>>> print(open('final-v4.txt').read())   # compact mmCIF, C-alpha atoms and all ligand atoms
# COMPACT_ATOMS: atom_id res chain seq x y z
CA MET Y 84 -128.07 -31.62 222.67
CA GLU Y 85 -129.07 -28.34 224.25
CA ILE Y 86 -127.28 -26.42 221.55
CA LYS Y 87 -129.10 -28.41 218.88
CA ASN Y 88 -132.46 -27.77 220.51
CA PHE Y 89 -131.74 -24.09 220.80
CA PHE Y 90 -130.74 -23.98 217.15
CA LEU Y 91 -133.84 -25.82 215.97
CA LEU Y 92 -136.05 -23.63 218.10
CA THR Y 93 -134.42 -20.62 216.56
CA LEU Y 94 -135.01 -22.02 213.10
CA THR Y 95 -138.71 -22.45 213.65
CA THR Y 96 -139.01 -18.81 214.57
CA LEU Y 97 -136.94 -17.48 211.69
CA SER Y 98 -138.61 -16.10 208.63
CA PRO Y 99 -138.04 -18.25 205.52
CA GLY Y 100 -135.78 -15.53 204.21
CA ALA Y 101 -133.66 -15.58 207.32
CA SER Y 102 -132.96 -19.27 206.93
CA ARG Y 103 -131.44 -18.87 203.49
CA ALA Y 104 -127.84 -18.86 204.53
CA HIS Y 105 -127.49 -22.42 205.75
CA PRO Y 106 -129.83 -24.84 204.02
CA GLY Y 107 -127.46 -27.81 204.18
CA MET Y 108 -126.66 -27.32 207.82
CA LEU Y 109 -130.33 -26.79 208.65
CA GLU Y 110 -131.34 -30.03 207.04
CA ALA Y 111 -128.58 -31.96 208.73
CA LEU Y 112 -129.65 -30.65 212.12
CA ALA Y 113 -133.31 -31.24 211.44
CA GLY Y 114 -132.49 -34.76 210.34
CA CYS Y 115 -131.17 -35.51 213.84
CA SER Y 116 -134.73 -35.43 215.16
CA ARG Y 117 -136.41 -37.21 212.25
CA ALA Y 118 -136.35 -40.70 213.65
CA SER Y 119 -138.51 -39.74 216.60
CA GLU Y 120 -141.16 -38.04 214.47
CA LYS Y 121 -144.17 -39.78 213.04
CA ARG Y 122 -143.84 -39.51 209.31
CA ASP Y 123 -145.75 -40.51 206.24
CA THR Y 124 -144.27 -41.14 202.82
CA ALA Y 125 -141.78 -38.26 203.19
CA GLU Y 126 -141.09 -38.71 199.50
CA LEU Y 127 -139.42 -35.89 197.61
CA LEU Y 128 -140.80 -34.65 194.31
CA ALA Y 129 -139.50 -33.39 190.96
CA ASP Y 130 -136.31 -31.27 191.05
CA LEU Y 131 -136.14 -31.51 194.86
CA LYS Y 132 -135.17 -35.16 194.45
CA THR Y 133 -131.87 -34.29 192.83
CA LEU Y 134 -130.90 -30.72 193.71
CA PRO Y 135 -128.16 -30.47 196.33
CA ASP Y 136 -129.09 -28.47 199.41
CA SER Y 137 -126.61 -25.80 198.39
CA ALA Y 138 -128.72 -25.13 195.26
CA LEU Y 139 -132.04 -24.80 197.04
CA SER Y 140 -133.98 -21.55 196.94
CA PRO Y 141 -135.77 -20.41 200.13
CA ALA Y 142 -139.03 -21.91 198.79
CA GLY Y 143 -137.26 -25.07 197.64
CA TRP Y 144 -135.71 -25.51 201.07
CA THR Y 145 -139.03 -24.94 202.83
CA ILE Y 146 -140.98 -27.31 200.59
CA LYS Y 147 -138.27 -29.95 200.79
CA ASN Y 148 -138.41 -29.94 204.57
CA ILE Y 149 -142.21 -30.04 204.56
CA LEU Y 150 -142.13 -33.03 202.19
CA LEU Y 151 -139.57 -34.70 204.45
CA ALA Y 152 -141.82 -33.97 207.46
CA ASN Y 153 -138.97 -32.17 209.19
CA ARG Y 154 -141.29 -30.30 211.53
CA ALA Y 155 -138.37 -29.26 213.68
CA ALA Y 156 -136.95 -27.36 210.73
CA VAL Y 157 -140.09 -25.78 209.34
CA SER Y 158 -143.76 -25.70 210.19
CA PRO Y 159 -146.16 -26.33 207.29
CA GLN Y 160 -148.28 -23.49 208.66
CA ASP Y 161 -147.26 -19.90 209.26
CA LEU Y 162 -149.74 -18.26 211.58
CA SER Y 163 -148.17 -14.85 211.87
CA THR Y 164 -146.28 -13.51 208.85
CA VAL Y 165 -148.13 -10.58 207.29
CA TYR Y 166 -147.06 -9.23 203.89
CA LYS Y 167 -147.36 -5.52 203.25
CA PRO Y 168 -147.47 -4.65 199.54
CA PRO Y 169 -144.74 -2.17 198.57
CA GLY Y 170 -147.15 -0.21 196.35
CA PRO Y 171 -150.58 -0.14 194.71
CA LEU Y 172 -151.47 -2.85 192.21
CA GLY Y 173 -149.85 -2.04 188.88
CA SER Y 174 -147.19 0.26 190.37
CA SER Y 175 -143.59 -0.46 189.50
CA GLU Y 176 -142.92 -1.26 193.19
CA CYS Y 177 -145.68 -3.85 193.14
CA ARG Y 178 -144.61 -5.32 189.81
CA GLY Y 179 -141.10 -5.70 191.20
CA ASP Y 180 -142.18 -8.07 193.99
CA THR Y 181 -143.67 -11.47 193.09
CA CYS Y 182 -145.98 -11.62 196.11
CA CYS Y 183 -147.42 -8.13 195.70
CA VAL Y 184 -150.17 -8.92 193.19
CA TRP Y 185 -151.04 -11.99 195.28
CA LYS Y 186 -151.80 -9.76 198.26
CA TYR Y 187 -154.47 -8.01 196.20
CA ILE Y 188 -155.80 -11.33 194.92
CA ALA Y 189 -155.82 -12.97 198.36
CA ASP Y 190 -157.73 -10.01 199.80
CA ALA Y 191 -160.34 -10.30 197.03
CA MET Y 192 -160.59 -14.05 197.59
CA ALA Y 193 -160.92 -13.70 201.37
CA ALA Y 194 -163.80 -11.26 200.92
CA ALA Y 195 -165.49 -13.57 198.40
CA PHE Y 196 -165.12 -16.66 200.65
CA GLN Y 197 -166.68 -15.11 203.74
CA GLY Y 198 -170.04 -16.44 204.87
CA LYS Y 199 -171.97 -15.66 208.00
CA LYS Y 200 -169.62 -16.92 210.74
CA GLN Y 201 -168.40 -19.64 208.37
CA CYS Y 202 -166.78 -20.02 204.98
CA ASN Y 203 -169.28 -20.08 202.14
CA GLU Y 204 -170.01 -22.35 199.18
CA LEU Y 205 -167.47 -20.62 196.96
CA ALA Y 206 -164.78 -21.30 199.57
CA ARG Y 207 -165.76 -24.96 199.89
CA GLN Y 208 -165.65 -25.40 196.14
CA ALA Y 209 -162.30 -23.60 195.99
CA VAL Y 210 -160.78 -26.12 198.42
CA ARG Y 211 -162.11 -29.00 196.34
CA LEU Y 212 -161.00 -27.36 193.09
CA GLY Y 213 -157.43 -27.21 194.39
CA PHE Y 214 -157.58 -30.95 195.00
CA HIS Y 215 -159.17 -31.74 191.64
CA ASP Y 216 -156.55 -29.78 189.68
CA ALA Y 217 -153.46 -31.12 191.49
CA GLY Y 218 -154.83 -34.57 192.30
CA THR Y 219 -154.89 -35.72 188.70
CA TRP Y 220 -151.12 -36.29 188.83
CA SER Y 221 -149.87 -39.86 188.90
CA LYS Y 222 -146.34 -40.83 189.90
CA SER Y 223 -146.40 -44.00 187.82
CA LEU Y 224 -148.18 -42.65 184.75
CA GLY Y 225 -147.26 -38.93 184.74
CA GLY Y 226 -149.50 -36.21 183.32
CA GLY Y 227 -151.96 -33.97 185.15
CA GLY Y 228 -151.08 -32.07 188.30
CA ALA Y 229 -151.39 -28.53 189.58
CA ASP Y 230 -151.38 -26.85 186.18
CA GLY Y 231 -154.72 -25.04 186.01
CA SER Y 232 -156.11 -27.40 183.39
CA VAL Y 233 -159.28 -28.11 185.35
CA VAL Y 234 -160.36 -24.59 184.40
CA LEU Y 235 -158.21 -23.82 181.34
CA SER Y 236 -158.93 -26.95 179.30
CA THR Y 237 -162.18 -27.06 177.42
CA SER Y 238 -163.24 -30.49 178.65
CA GLU Y 239 -161.99 -31.28 182.15
CA LEU Y 240 -164.62 -29.40 184.13
CA ALA Y 241 -167.44 -31.20 182.33
CA ARG Y 242 -166.34 -34.61 183.68
CA SER Y 243 -168.60 -36.20 186.28
CA ASP Y 244 -165.68 -36.10 188.77
CA ASN Y 245 -165.85 -32.34 188.66
CA ARG Y 246 -169.56 -31.82 189.14
CA GLY Y 247 -170.14 -29.23 191.81
CA LEU Y 248 -167.07 -27.14 190.99
CA GLU Y 249 -168.74 -24.81 188.51
CA ILE Y 250 -169.02 -21.73 190.74
CA ALA Y 251 -165.38 -21.84 191.87
CA ALA Y 252 -164.15 -22.52 188.33
CA ALA Y 253 -166.11 -19.53 186.99
CA ARG Y 254 -164.78 -17.29 189.76
CA MET Y 255 -161.19 -18.42 189.07
CA ALA Y 256 -161.74 -17.60 185.38
CA GLY Y 257 -162.92 -14.14 186.47
CA TRP Y 258 -159.86 -13.56 188.65
CA TYR Y 259 -157.64 -14.86 185.86
CA ALA Y 260 -159.14 -12.30 183.45
CA GLU Y 261 -158.61 -9.58 186.03
CA PHE Y 262 -155.04 -10.40 187.08
CA HIS Y 263 -153.43 -12.27 184.19
CA SER Y 264 -151.89 -9.07 182.83
CA TYR Y 265 -149.91 -8.86 186.10
CA GLY Y 266 -148.29 -12.21 185.36
CA VAL Y 267 -150.76 -14.36 187.30
CA GLY Y 268 -151.41 -17.93 186.14
CA MET Y 269 -154.40 -20.22 186.63
CA ALA Y 270 -152.51 -23.04 188.38
CA ASP Y 271 -151.36 -20.63 191.09
CA LEU Y 272 -154.78 -18.98 191.33
CA ILE Y 273 -156.37 -22.34 192.03
CA GLN Y 274 -153.84 -23.34 194.69
CA VAL Y 275 -153.74 -19.92 196.35
CA GLY Y 276 -157.56 -19.98 196.23
CA ALA Y 277 -157.69 -23.34 198.02
CA THR Y 278 -155.31 -22.08 200.69
CA VAL Y 279 -157.11 -18.75 201.22
CA ALA Y 280 -160.34 -20.74 201.41
CA THR Y 281 -159.19 -23.07 204.20
CA VAL Y 282 -157.94 -20.22 206.36
CA SER Y 283 -161.20 -18.36 205.66
CA CYS Y 284 -163.12 -21.16 207.38
CA PRO Y 285 -163.30 -20.76 211.17
CA LEU Y 286 -160.49 -22.86 212.75
CA GLY Y 287 -158.93 -23.49 209.32
CA PRO Y 288 -155.15 -23.93 208.89
CA ARG Y 289 -152.94 -21.21 207.46
CA SER Y 290 -150.89 -23.46 205.17
CA ARG Y 291 -147.79 -22.11 203.52
CA VAL Y 292 -148.49 -21.06 199.95
CA PHE Y 293 -146.23 -20.89 196.92
CA VAL Y 294 -146.53 -19.40 193.42
CA GLY Y 295 -144.76 -19.87 190.11
CA ARG Y 296 -146.41 -22.97 188.59
CA ASN Y 297 -146.77 -23.40 184.85
CA ASP Y 298 -150.22 -23.48 183.28
CA SER Y 299 -151.52 -26.05 180.82
CA ILE Y 300 -154.60 -26.10 178.62
CA THR Y 301 -154.20 -29.84 178.02
CA PRO Y 302 -156.89 -31.77 179.91
CA ALA Y 303 -155.49 -34.00 182.65
CA PRO Y 304 -155.86 -37.74 182.04
CA SER Y 305 -159.23 -38.91 183.31
CA GLY Y 306 -159.78 -41.56 185.99
CA ARG Y 307 -157.24 -40.11 188.39
CA LEU Y 308 -159.63 -38.81 191.06
CA PRO Y 309 -161.22 -40.94 193.79
CA SER Y 310 -164.71 -42.40 193.60
CA VAL Y 311 -167.09 -41.76 196.45
CA ASP Y 312 -167.85 -45.50 196.37
CA ALA Y 313 -164.21 -46.62 196.56
CA ASP Y 314 -163.10 -48.98 199.30
CA ALA Y 315 -160.23 -48.07 201.60
CA GLU Y 316 -157.60 -50.22 199.88
CA SER Y 317 -158.19 -48.67 196.49
CA LEU Y 318 -158.21 -45.14 197.96
CA VAL Y 319 -154.91 -45.81 199.70
CA GLU Y 320 -153.45 -47.23 196.49
CA LEU Y 321 -154.70 -44.30 194.39
CA PHE Y 322 -153.20 -41.72 196.75
CA ALA Y 323 -149.97 -43.68 197.18
CA ASP Y 324 -149.48 -43.19 193.45
CA LYS Y 325 -149.57 -39.46 194.20
CA THR Y 326 -146.92 -39.93 196.97
CA ILE Y 327 -149.67 -39.31 199.54
CA GLY Y 328 -149.54 -41.76 202.44
CA VAL Y 329 -152.41 -43.04 204.59
CA SER Y 330 -152.04 -40.47 207.35
CA GLU Y 331 -151.80 -37.66 204.79
CA LEU Y 332 -154.91 -39.01 203.05
CA VAL Y 333 -156.77 -39.09 206.36
CA ALA Y 334 -155.67 -35.49 207.00
CA LEU Y 335 -156.82 -34.35 203.56
CA VAL Y 336 -160.27 -35.97 203.58
CA GLY Y 337 -160.88 -34.01 206.76
CA ALA Y 338 -161.70 -31.19 204.31
CA HIS Y 339 -165.12 -32.81 204.28
CA THR Y 340 -165.60 -31.10 207.64
CA ALA Y 341 -166.60 -28.05 205.63
CA SER Y 342 -168.44 -29.90 202.91
CA VAL Y 343 -172.00 -30.05 201.56
CA GLN Y 344 -172.95 -32.66 198.98
CA ARG Y 345 -175.21 -32.10 195.99
CA PHE Y 346 -174.45 -34.84 193.49
CA VAL Y 347 -173.85 -38.04 195.46
CA ASP Y 348 -177.48 -38.36 196.53
CA PRO Y 349 -179.77 -36.04 194.57
CA LEU Y 350 -182.55 -36.72 197.08
CA ARG Y 351 -180.43 -35.15 199.81
CA VAL Y 352 -179.05 -32.10 198.06
CA GLY Y 353 -177.52 -29.72 200.60
CA SER Y 354 -176.74 -32.39 203.20
CA PRO Y 355 -173.47 -31.69 205.03
CA GLN Y 356 -170.77 -34.23 205.88
CA ASP Y 357 -170.80 -33.17 209.52
CA SER Y 358 -173.10 -31.00 211.62
CA THR Y 359 -170.98 -27.86 211.14
CA PRO Y 360 -170.40 -27.32 207.38
CA GLY Y 361 -168.31 -24.25 206.63
CA THR Y 362 -166.36 -24.70 209.87
CA TRP Y 363 -162.96 -26.41 209.89
CA ASP Y 364 -163.48 -28.31 213.15
CA VAL Y 365 -162.78 -31.95 214.01
CA LEU Y 366 -166.46 -32.88 214.29
CA PHE Y 367 -166.27 -34.64 210.91
CA TYR Y 368 -163.72 -37.13 212.29
CA ASN Y 369 -165.78 -37.69 215.45
CA GLN Y 370 -169.14 -38.10 213.73
CA MET Y 371 -167.65 -40.51 211.18
CA ILE Y 372 -166.68 -42.91 213.96
CA SER Y 373 -169.76 -42.31 216.08
CA ALA Y 374 -172.20 -45.19 216.52
CA ASN Y 375 -175.07 -42.71 216.15
CA PRO Y 376 -174.22 -39.94 213.68
CA PRO Y 377 -176.90 -37.24 213.34
CA ALA Y 378 -179.55 -38.16 210.78
CA ASP Y 379 -179.11 -34.93 208.81
CA VAL Y 380 -175.39 -35.68 208.22
CA PHE Y 381 -174.69 -37.46 204.94
CA GLN Y 382 -171.64 -39.71 205.18
CA PHE Y 383 -169.74 -40.59 202.01
CA PRO Y 384 -169.11 -44.35 201.57
CA SER Y 385 -165.44 -43.54 200.84
CA ASP Y 386 -165.08 -41.64 204.13
CA LEU Y 387 -166.82 -44.41 206.04
CA ALA Y 388 -164.51 -46.99 204.48
CA LEU Y 389 -161.39 -44.99 205.35
CA SER Y 390 -162.56 -44.30 208.91
CA ARG Y 391 -162.88 -48.04 209.47
CA TYR Y 392 -159.61 -49.00 207.80
CA SER Y 393 -157.11 -50.38 210.29
CA ALA Y 394 -154.07 -48.55 208.88
CA ALA Y 395 -155.99 -45.27 209.12
CA HIS Y 396 -157.25 -45.82 212.65
CA GLU Y 397 -154.46 -44.10 214.56
CA SER Y 398 -154.46 -40.95 212.43
CA TRP Y 399 -158.24 -40.80 212.45
CA GLN Y 400 -158.30 -40.90 216.26
CA THR Y 401 -155.47 -38.40 216.54
CA PHE Y 402 -157.22 -35.88 214.32
CA ALA Y 403 -160.59 -36.50 216.02
CA ASN Y 404 -158.97 -35.48 219.28
CA GLY Y 405 -156.71 -32.68 218.14
CA GLN Y 406 -157.53 -29.59 216.10
CA ALA Y 407 -153.97 -28.26 216.18
CA VAL Y 408 -152.33 -31.54 215.19
CA TRP Y 409 -154.84 -32.01 212.37
CA ASN Y 410 -154.37 -28.45 211.07
CA ASP Y 411 -150.64 -29.04 210.97
CA ALA Y 412 -151.02 -32.41 209.23
CA TYR Y 413 -153.52 -30.99 206.73
CA ALA Y 414 -151.20 -28.07 205.94
CA ALA Y 415 -148.24 -30.40 205.32
CA ALA Y 416 -150.29 -32.76 203.16
CA TYR Y 417 -151.79 -29.85 201.26
CA VAL Y 418 -148.37 -28.35 200.48
CA ARG Y 419 -147.47 -31.74 198.97
CA LEU Y 420 -150.74 -31.89 197.02
CA SER Y 421 -150.31 -28.33 195.77
CA VAL Y 422 -146.98 -29.07 194.05
CA LEU Y 423 -147.88 -32.41 192.44
CA GLY Y 424 -146.86 -32.36 188.79
CA VAL Y 425 -144.81 -29.17 189.19
CA LYS Y 426 -141.45 -29.87 187.58
CA HIS Y 427 -139.51 -26.89 188.89
CA ILE Y 428 -140.50 -26.70 192.56
CA ASN Y 429 -137.24 -24.95 193.43
CA ASP Y 430 -138.28 -21.98 191.27
CA LEU Y 431 -141.43 -21.31 193.27
CA THR Y 432 -141.76 -18.32 195.60
CA GLU Y 433 -143.37 -18.43 199.02
CA CYS Y 434 -146.12 -15.84 199.52
CA THR Y 435 -147.72 -17.09 202.76
CA GLY Y 436 -147.78 -13.57 204.19
CA VAL Y 437 -150.51 -12.54 201.75
CA LEU Y 438 -153.01 -14.92 203.36
CA PRO Y 439 -155.59 -13.63 205.80
CA LEU Y 440 -154.78 -14.44 209.41
CA ALA Y 441 -156.57 -17.44 210.88
CA HIS Y 442 -159.74 -16.73 212.83
C1 LIG C 501 -161.06 -39.93 199.47
C2 LIG C 501 -161.16 -39.18 198.47
C3 LIG C 501 -162.29 -38.21 198.19
C4 LIG C 501 -163.51 -38.49 197.68
C5 LIG C 501 -164.04 -39.83 197.22
C6 LIG C 501 -164.23 -37.23 197.63
C7 LIG C 501 -165.50 -37.06 197.14
C8 LIG C 501 -166.26 -35.92 197.28
C9 LIG C 501 -167.62 -35.79 196.86
C10 LIG C 501 -168.42 -36.85 196.16
C11 LIG C 501 -168.04 -34.55 197.21
C12 LIG C 501 -169.44 -33.96 197.02
C13 LIG C 501 -169.56 -33.15 195.75
C14 LIG C 501 -170.97 -32.66 195.57
O1 LIG C 501 -171.90 -33.47 195.64
O2 LIG C 501 -171.15 -31.44 195.36
C15 LIG C 501 -166.94 -33.90 197.85
C16 LIG C 501 -166.96 -32.64 198.37
C17 LIG C 501 -165.87 -31.99 198.84
N1 LIG C 501 -164.57 -32.46 198.87
FE1 LIG C 501 -164.02 -34.37 198.56
N2 LIG C 501 -163.43 -36.26 198.13
C18 LIG C 501 -162.22 -36.81 198.48
C19 LIG C 501 -161.13 -36.15 198.96
C20 LIG C 501 -161.08 -34.79 199.12
C21 LIG C 501 -159.89 -34.06 199.40
C22 LIG C 501 -158.50 -34.67 199.45
C23 LIG C 501 -160.24 -32.74 199.54
C24 LIG C 501 -159.40 -31.54 199.80
C25 LIG C 501 -158.14 -31.52 200.04
C26 LIG C 501 -161.67 -32.68 199.37
C27 LIG C 501 -162.41 -31.53 199.50
C28 LIG C 501 -163.78 -31.47 199.36
C29 LIG C 501 -164.58 -30.32 199.71
C30 LIG C 501 -164.09 -29.04 200.34
C31 LIG C 501 -165.90 -30.64 199.36
C32 LIG C 501 -167.14 -29.77 199.56
C33 LIG C 501 -167.54 -29.06 198.29
C34 LIG C 501 -168.80 -28.24 198.51
O3 LIG C 501 -169.29 -28.14 199.64
O4 LIG C 501 -169.27 -27.67 197.51
N3 LIG C 501 -162.13 -33.92 199.10
N4 LIG C 501 -165.86 -34.74 197.85
>>> encode(input="final-v4.txt", output="structure tokens")
Amino acid sequence: MEIKNFFLLTLTTLSPGASRAHPGMLEALAGCSRASEKRDTAELLADLKTLPDSALSPAGWTIKNILLANRAAVSPQDLSTVYKPPGPLGSSECRGDTCCVWKYIADAMAAAFQGKKQCNELARQAVRLGFHDAGTWSKSLGGGGADGSVVLSTSELARSDNRGLEIAAARMAGWYAEFHSYGVGMADLIQVGATVATVSCPLGPRSRVFVGRNDSITPAPSGRLPSVDADAESLVELFADKTIGVSELVALVGAHTASVQRFVDPLRVGSPQDSTPGTWDVLFYNQMISANPPADVFQFPSDLALSRYSAAHESWQTFANGQAVWNDAYAAAYVRLSVLGVKHINDLTECTGVLPLAH
């Protein structure tokens, strides 16, 4: 028992690279503690469903354990790894390392997402854009997913679902034009952008981030994103078809902590969804269940429905009372969201070190 604990502790402190040698053994050990952990769907995706542990890449191993909620094996956040680029952008040293160009992109994104003591509108839209690209995937129907189509297709952005994402989509198109010649794709830009954006918000999680997705210009099927008027049962059903369980859904909608609405109620343009928009705190969860929420806070019917849903109650309370536990849950759920529809997850590369440090 003590040996196992020591080994698992050691694993959590190892860099992803250092854990490469023993993926099968690591998973077996991590599995020993699974039963005692609170888990959600823990459903594997794409190639990770069938690849043997011995065939897993470092990123494949990490994502697999995050999807399995094996927190003892790997944390969905990495709060400390810092990547140093081996050379200037465009140099042969930089071109030789997949994460190098992403360091330059992440730095540009972090500067663009910075508001006055909070993350700005571009950052908030970038978080939502990440959801709206990946969240179009359906397990039962296929199609959609994190493929960049929300920006690359000619029609997707114009859908009513995507109103309010114009600034982030235009900025992603600008970064794409600037960095595409270095091998950078839109699907990765959108997901890296969402991850840089969350950690750019005060108190935001530093979720692990991966690159190597394929792009698509084919518009995702419509009708795959949630309605702000949906009841809790239909939200849960919609997200279950994306392999996202209730607790993961509750963690993800917490993104509305940073949010400001413009299109739900045109008479209240600029109303936030909690009293501290642009800050990744747990006030959203608390004000949603408060008997007297502040009058200037605009609560979405979908969030209200979920906050009162019995199966969501425990997670809602847990996140309302715990910034660290929510950040961890959000990061895990976001890693899942960020690889929906990706067929070759094992070919991705982890570049978490390029992210700004949390503040
Ligand atoms: C239950 C499902 C969800 C519904 C019905 C929903 C709906 C909405 C709506 C209607 C807005 C306001 C858009 C506007 O008026 O400009 C919004 C904003 C936002 N949503 Fe969601 N959302 C959901 C889940 C999510 C998830 C899973 C994420 C992220 C992982 C997310 C991130 C955001 C962010 C960051 C904003 C703020 C955008 C801004 O301030 O410009 N939402 N959402």
>>> closest_residue(input="final-v4.txt", among="Y:Pro304, Y:Gly198, Y:Gly218, Y:Gly179", to="Y:Ser236", atoms="all atoms listed in the file")
Y:Pro304
>>> closest_atom_pairs(input="final-v4.txt", of="chain Y", to="ligand LIG 501 (chain C)", cutoff="7 Å", atoms="all atoms listed in the file", output="JSON lines")
{"residue": "Y:Glu204", "atom": "CA", "partner": "C:LIG501", "partner_atom": "O4", "distance": 5.6}
{"residue": "Y:Arg207", "atom": "CA", "partner": "C:LIG501", "partner_atom": "C30", "distance": 4.4}
{"residue": "Y:Gln208", "atom": "CA", "partner": "C:LIG501", "partner_atom": "O4", "distance": 4.5}
{"residue": "Y:Val210", "atom": "CA", "partner": "C:LIG501", "partner_atom": "C30", "distance": 4.8}
{"residue": "Y:Arg211", "atom": "CA", "partner": "C:LIG501", "partner_atom": "C27", "distance": 4.1}
{"residue": "Y:Phe214", "atom": "CA", "partner": "C:LIG501", "partner_atom": "C25", "distance": 5.1}
{"residue": "Y:Arg246", "atom": "CA", "partner": "C:LIG501", "partner_atom": "O2", "distance": 6.4}
{"residue": "Y:Gly247", "atom": "CA", "partner": "C:LIG501", "partner_atom": "O2", "distance": 4.3}
{"residue": "Y:Leu248", "atom": "CA", "partner": "C:LIG501", "partner_atom": "O4", "distance": 6.9}
{"residue": "Y:Pro309", "atom": "CA", "partner": "C:LIG501", "partner_atom": "C5", "distance": 4.6}
{"residue": "Y:Ser310", "atom": "CA", "partner": "C:LIG501", "partner_atom": "C5", "distance": 4.5}
{"residue": "Y:Val311", "atom": "CA", "partner": "C:LIG501", "partner_atom": "C5", "distance": 3.7}
{"residue": "Y:Asp312", "atom": "CA", "partner": "C:LIG501", "partner_atom": "C5", "distance": 6.9}
{"residue": "Y:Ala313", "atom": "CA", "partner": "C:LIG501", "partner_atom": "C5", "distance": 6.8}
{"residue": "Y:Leu318", "atom": "CA", "partner": "C:LIG501", "partner_atom": "C1", "distance": 6.1}
{"residue": "Y:Leu332", "atom": "CA", "partner": "C:LIG501", "partner_atom": "C22", "distance": 6.7}
{"residue": "Y:Leu335", "atom": "CA", "partner": "C:LIG501", "partner_atom": "C22", "distance": 4.5}
{"residue": "Y:Val336", "atom": "CA", "partner": "C:LIG501", "partner_atom": "C21", "distance": 4.6}
{"residue": "Y:Ala338", "atom": "CA", "partner": "C:LIG501", "partner_atom": "C27", "distance": 4.9}
{"residue": "Y:His339", "atom": "CA", "partner": "C:LIG501", "partner_atom": "C29", "distance": 5.2}
{"residue": "Y:Ala341", "atom": "CA", "partner": "C:LIG501", "partner_atom": "C30", "distance": 5.9}
{"residue": "Y:Ser342", "atom": "CA", "partner": "C:LIG501", "partner_atom": "C32", "distance": 3.6}
{"residue": "Y:Val343", "atom": "CA", "partner": "C:LIG501", "partner_atom": "O3", "distance": 3.8}
{"residue": "Y:Gln344", "atom": "CA", "partner": "C:LIG501", "partner_atom": "O1", "distance": 3.6}
{"residue": "Y:Arg345", "atom": "CA", "partner": "C:LIG501", "partner_atom": "O1", "distance": 3.6}
{"residue": "Y:Phe346", "atom": "CA", "partner": "C:LIG501", "partner_atom": "O1", "distance": 3.6}
{"residue": "Y:Val347", "atom": "CA", "partner": "C:LIG501", "partner_atom": "O1", "distance": 5.0}
{"residue": "Y:Ser385", "atom": "CA", "partner": "C:LIG501", "partner_atom": "C5", "distance": 5.4}
{"residue": "Y:Asp386", "atom": "CA", "partner": "C:LIG501", "partner_atom": "C1", "distance": 6.4}
{"residue": "Y:Tyr417", "atom": "CA", "partner": "C:LIG501", "partner_atom": "C25", "distance": 6.7}
>>> atom_distance(input="final-v4.txt", atom1="atom CA of Y:Thr340", atom2="atom CA of Y:Gly228")
24.2 Å
>>> residues_around(input="final-v4.txt", residues="Y:Leu440", least_positions_apart="5", cutoff="9 Å", atoms="all atoms listed in the file", output="list in words")
Leu162, Ser163, Thr164, Val165, Val282, Ser283 and Arg289 of chain Y
>>> atom_distance(input="final-v4.txt", atom1="atom CA of Y:Ala229", atom2="atom CA of Y:Leu150")
16.3 Å
>>> residues_near_point(input="final-v4.txt", point="(-154.7, -19.3, 186.9)", cutoff="10 Å", atoms="all atoms listed in the file", output="number ranges by chain")
Y: 230-232, 234-235, 255-260, 262-263, 266-276, 296-299
>>> write_last_selection(input="final-v4.txt", atoms="C-alpha atoms", output="PDB file, in the frame of the given file")
ATOM      1  CA  ASP Y 230    -151.380 -26.850 186.180  1.00  0.00           C
ATOM      2  CA  GLY Y 231    -154.720 -25.040 186.010  1.00  0.00           C
ATOM      3  CA  SER Y 232    -156.110 -27.400 183.390  1.00  0.00           C
ATOM      4  CA  VAL Y 234    -160.360 -24.590 184.400  1.00  0.00           C
ATOM      5  CA  LEU Y 235    -158.210 -23.820 181.340  1.00  0.00           C
ATOM      6  CA  MET Y 255    -161.190 -18.420 189.070  1.00  0.00           C
ATOM      7  CA  ALA Y 256    -161.740 -17.600 185.380  1.00  0.00           C
ATOM      8  CA  GLY Y 257    -162.920 -14.140 186.470  1.00  0.00           C
ATOM      9  CA  TRP Y 258    -159.860 -13.560 188.650  1.00  0.00           C
ATOM     10  CA  TYR Y 259    -157.640 -14.860 185.860  1.00  0.00           C
ATOM     11  CA  ALA Y 260    -159.140 -12.300 183.450  1.00  0.00           C
ATOM     12  CA  PHE Y 262    -155.040 -10.400 187.080  1.00  0.00           C
ATOM     13  CA  HIS Y 263    -153.430 -12.270 184.190  1.00  0.00           C
ATOM     14  CA  GLY Y 266    -148.290 -12.210 185.360  1.00  0.00           C
ATOM     15  CA  VAL Y 267    -150.760 -14.360 187.300  1.00  0.00           C
ATOM     16  CA  GLY Y 268    -151.410 -17.930 186.140  1.00  0.00           C
ATOM     17  CA  MET Y 269    -154.400 -20.220 186.630  1.00  0.00           C
ATOM     18  CA  ALA Y 270    -152.510 -23.040 188.380  1.00  0.00           C
ATOM     19  CA  ASP Y 271    -151.360 -20.630 191.090  1.00  0.00           C
ATOM     20  CA  LEU Y 272    -154.780 -18.980 191.330  1.00  0.00           C
ATOM     21  CA  ILE Y 273    -156.370 -22.340 192.030  1.00  0.00           C
ATOM     22  CA  GLN Y 274    -153.840 -23.340 194.690  1.00  0.00           C
ATOM     23  CA  VAL Y 275    -153.740 -19.920 196.350  1.00  0.00           C
ATOM     24  CA  GLY Y 276    -157.560 -19.980 196.230  1.00  0.00           C
ATOM     25  CA  ARG Y 296    -146.410 -22.970 188.590  1.00  0.00           C
ATOM     26  CA  ASN Y 297    -146.770 -23.400 184.850  1.00  0.00           C
ATOM     27  CA  ASP Y 298    -150.220 -23.480 183.280  1.00  0.00           C
ATOM     28  CA  SER Y 299    -151.520 -26.050 180.820  1.00  0.00           C
TER      29      SER Y 299
END
